[in-house]
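The block underneath contains the structure these notes are about, expressed in structure tokens.
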Amino acid sequence: MKILENNAAFTAEIKSGKTVVDFFADWCGPCKMMEPFFIEASNEVADVKFAKLNVDDVQDVAQEYGITSIPTMIVFEDGKEVKRNTGFMPKAGIIDFINK
């Protein structure tokens, strides 16, 4: 799992294949609660890239994708957003969300 620290890293990560990006912030309680589940899911789901993007550090990407609440997870396929979910999810919910 990668931490995407700028727009270029974000663009490179999502450009090919299936990528799940967790938009989060260090001060966000639900984000902190979900992090271990996101990590566990990244170890269990094959053929999907997992990444995290701190909305405070990479504000331009957060604004571009209209992130107004966190945590927000977006699934990208070959650079295009295909679905998103806002709010806390347990590991099973994350895996179901990615696979549907």
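Lettering and numbering for the structure tokens are positional, with chains as A, B, ... in the shown order, residues counted from 1 in each chain, and ligands counted from 1 in the shown order.
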Write out as an NGL selection string all residues of chain A that DSSP puts in alpha helix (DSSP H) for this structure's backbone. :A and (7-14 or 29-44 or 59-64 or 91-99)
Next, the residues of the selection above should be written as a JSON list (two decimals), in the first residue's frame with C-alpha atoms.
[["chain", "number", "residue", "atom", "x", "y", "z"],
["A", 7, "ASN", "CA", -0.77, 14.96, -7.41],
["A", 8, "ALA", "CA", 1.86, 13.28, -9.60],
["A", 9, "ALA", "CA", 2.03, 10.21, -7.34],
["A", 10, "PHE", "CA", -1.76, 10.00, -7.29],
["A", 11, "THR", "CA", -2.04, 10.23, -11.08],
["A", 12, "ALA", "CA", 0.67, 7.62, -11.60],
["A", 13, "GLU", "CA", -0.90, 5.21, -9.10],
["A", 14, "ILE", "CA", -4.44, 5.25, -10.53],
["A", 29, "GLY", "CA", -11.38, 9.57, 14.26],
["A", 30, "PRO", "CA", -13.30, 7.30, 11.86],
["A", 31, "CYS", "CA", -10.29, 7.34, 9.51],
["A", 32, "LYS", "CA", -8.05, 6.09, 12.32],
["A", 33, "MET", "CA", -10.59, 3.39, 13.23],
["A", 34, "MET", "CA", -10.80, 2.21, 9.62],
["A", 35, "GLU", "CA", -7.06, 2.20, 8.88],
["A", 36, "PRO", "CA", -6.28, -1.30, 10.25],
["A", 37, "PHE", "CA", -9.22, -2.74, 8.31],
["A", 38, "PHE", "CA", -8.04, -1.03, 5.12],
["A", 39, "ILE", "CA", -4.55, -2.49, 5.65],
["A", 40, "GLU", "CA", -5.96, -5.98, 6.29],
["A", 41, "ALA", "CA", -8.13, -5.75, 3.16],
["A", 42, "SER", "CA", -5.07, -4.69, 1.13],
["A", 43, "ASN", "CA", -3.35, -7.89, 2.21],
["A", 44, "GLU", "CA", -6.34, -10.07, 1.27],
["A", 59, "GLN", "CA", -5.65, 19.34, -1.15],
["A", 60, "ASP", "CA", -5.74, 19.80, -4.92],
["A", 61, "VAL", "CA", -6.64, 16.14, -5.52],
["A", 62, "ALA", "CA", -9.21, 16.17, -2.71],
["A", 63, "GLN", "CA", -10.82, 19.25, -4.24],
["A", 64, "GLU", "CA", -10.73, 17.80, -7.75],
["A", 91, "LYS", "CA", -12.88, -4.98, 6.71],
["A", 92, "ALA", "CA", -15.72, -7.12, 5.32],
["A", 93, "GLY", "CA", -17.48, -3.98, 4.10],
["A", 94, "ILE", "CA", -14.33, -2.73, 2.40],
["A", 95, "ILE", "CA", -13.79, -6.05, 0.63],
["A", 96, "ASP", "CA", -17.45, -6.24, -0.47],
["A", 97, "PHE", "CA", -17.32, -2.64, -1.72],
["A", 98, "ILE", "CA", -14.22, -3.35, -3.82],
["A", 99, "ASN", "CA", -15.48, -6.62, -5.27]]
DSSP-assigned strand (DSSP E) members of chain A, reported as a count of residues only: 28
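The shortest atom-to-atom distance to Lys15 in chain A, with only C-alpha atoms taken into account, belongs to A:Lys49 out of A:Lys100, A:Thr86, A:Lys49, A:Thr68.
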Write out as a ChimeraX atom specification the residues lying within 7 Å of Asp22 in chain A, counting only C-alpha atoms and excluding same-chain residues fewer than 3 positions away. /A:51-53,71-74
Since we have the selection now, will you write its residues out, keeping C-alpha atoms, as a PDB file, in the first residue's frame?
ATOM      1  CA  ALA A  51      -3.318   3.633  -1.574  1.00  0.00           C
ATOM      2  CA  LYS A  52      -3.988   6.349   0.980  1.00  0.00           C
ATOM      3  CA  LEU A  53      -4.135  10.090   0.374  1.00  0.00           C
ATOM      4  CA  PRO A  71     -13.045   8.755   5.180  1.00  0.00           C
ATOM      5  CA  THR A  72     -13.959   8.438   1.517  1.00  0.00           C
ATOM      6  CA  MET A  73     -12.850   5.488  -0.587  1.00  0.00           C
ATOM      7  CA  ILE A  74     -12.835   5.698  -4.352  1.00  0.00           C
TER       8      ILE A  74
END
Find, counting only C-alpha atoms, the residue in A:Val20, A:Val82, A:Val55, A:Ile70 that gets nearest to Asn6 in chain A.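 Checking each candidate against Asn6 in chain A, we get A:Val55 as the closest.
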Counting only C-alpha atoms, what is within 7 Å of Phe50 in chain A, bar same-chain residues fewer than 2 positions away, as a list of chain:residue names?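 Counting only the stated atoms, we get A:Met1, A:Lys2, A:Thr19, A:Val20, A:Val21, A:Ser42, A:Val48.
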Write the residues you've just listed into a file as a PDB file, in the first residue's frame, and include N, CA and C atoms for each of them.
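The file below, selection_18.pdb, is the result:
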ATOM      1  N   MET A   1       0.848  -1.175   0.000  1.00  0.00           N
ATOM      2  CA  MET A   1       0.000   0.000   0.000  1.00  0.00           C
ATOM      3  C   MET A   1       0.891   1.235   0.000  1.00  0.00           C
ATOM      4  N   LYS A   2       0.497   2.196  -0.815  1.00  0.00           N
ATOM      5  CA  LYS A   2       1.288   3.421  -0.933  1.00  0.00           C
ATOM      6  C   LYS A   2       0.576   4.591  -0.265  1.00  0.00           C
ATOM      7  N   THR A  19      -7.480   0.446  -8.660  1.00  0.00           N
ATOM      8  CA  THR A  19      -6.838   1.047  -7.490  1.00  0.00           C
ATOM      9  C   THR A  19      -7.910   1.567  -6.549  1.00  0.00           C
ATOM     10  N   VAL A  20      -7.753   1.273  -5.265  1.00  0.00           N
ATOM     11  CA  VAL A  20      -8.636   1.799  -4.228  1.00  0.00           C
ATOM     12  C   VAL A  20      -7.853   2.852  -3.458  1.00  0.00           C
ATOM     13  N   VAL A  21      -8.397   4.061  -3.387  1.00  0.00           N
ATOM     14  CA  VAL A  21      -7.734   5.148  -2.672  1.00  0.00           C
ATOM     15  C   VAL A  21      -8.590   5.533  -1.474  1.00  0.00           C
ATOM     16  N   SER A  42      -6.114  -4.789   2.163  1.00  0.00           N
ATOM     17  CA  SER A  42      -5.072  -4.688   1.131  1.00  0.00           C
ATOM     18  C   SER A  42      -4.226  -5.950   1.065  1.00  0.00           C
ATOM     19  N   VAL A  48      -5.595  -5.812  -6.934  1.00  0.00           N
ATOM     20  CA  VAL A  48      -6.086  -4.459  -6.698  1.00  0.00           C
ATOM     21  C   VAL A  48      -4.993  -3.718  -5.942  1.00  0.00           C
TER      22      VAL A  48
END
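For the pair CA of Asn54 in chain A and CA of Lys83 in chain A, the interatomic distance is 19.1 Å.
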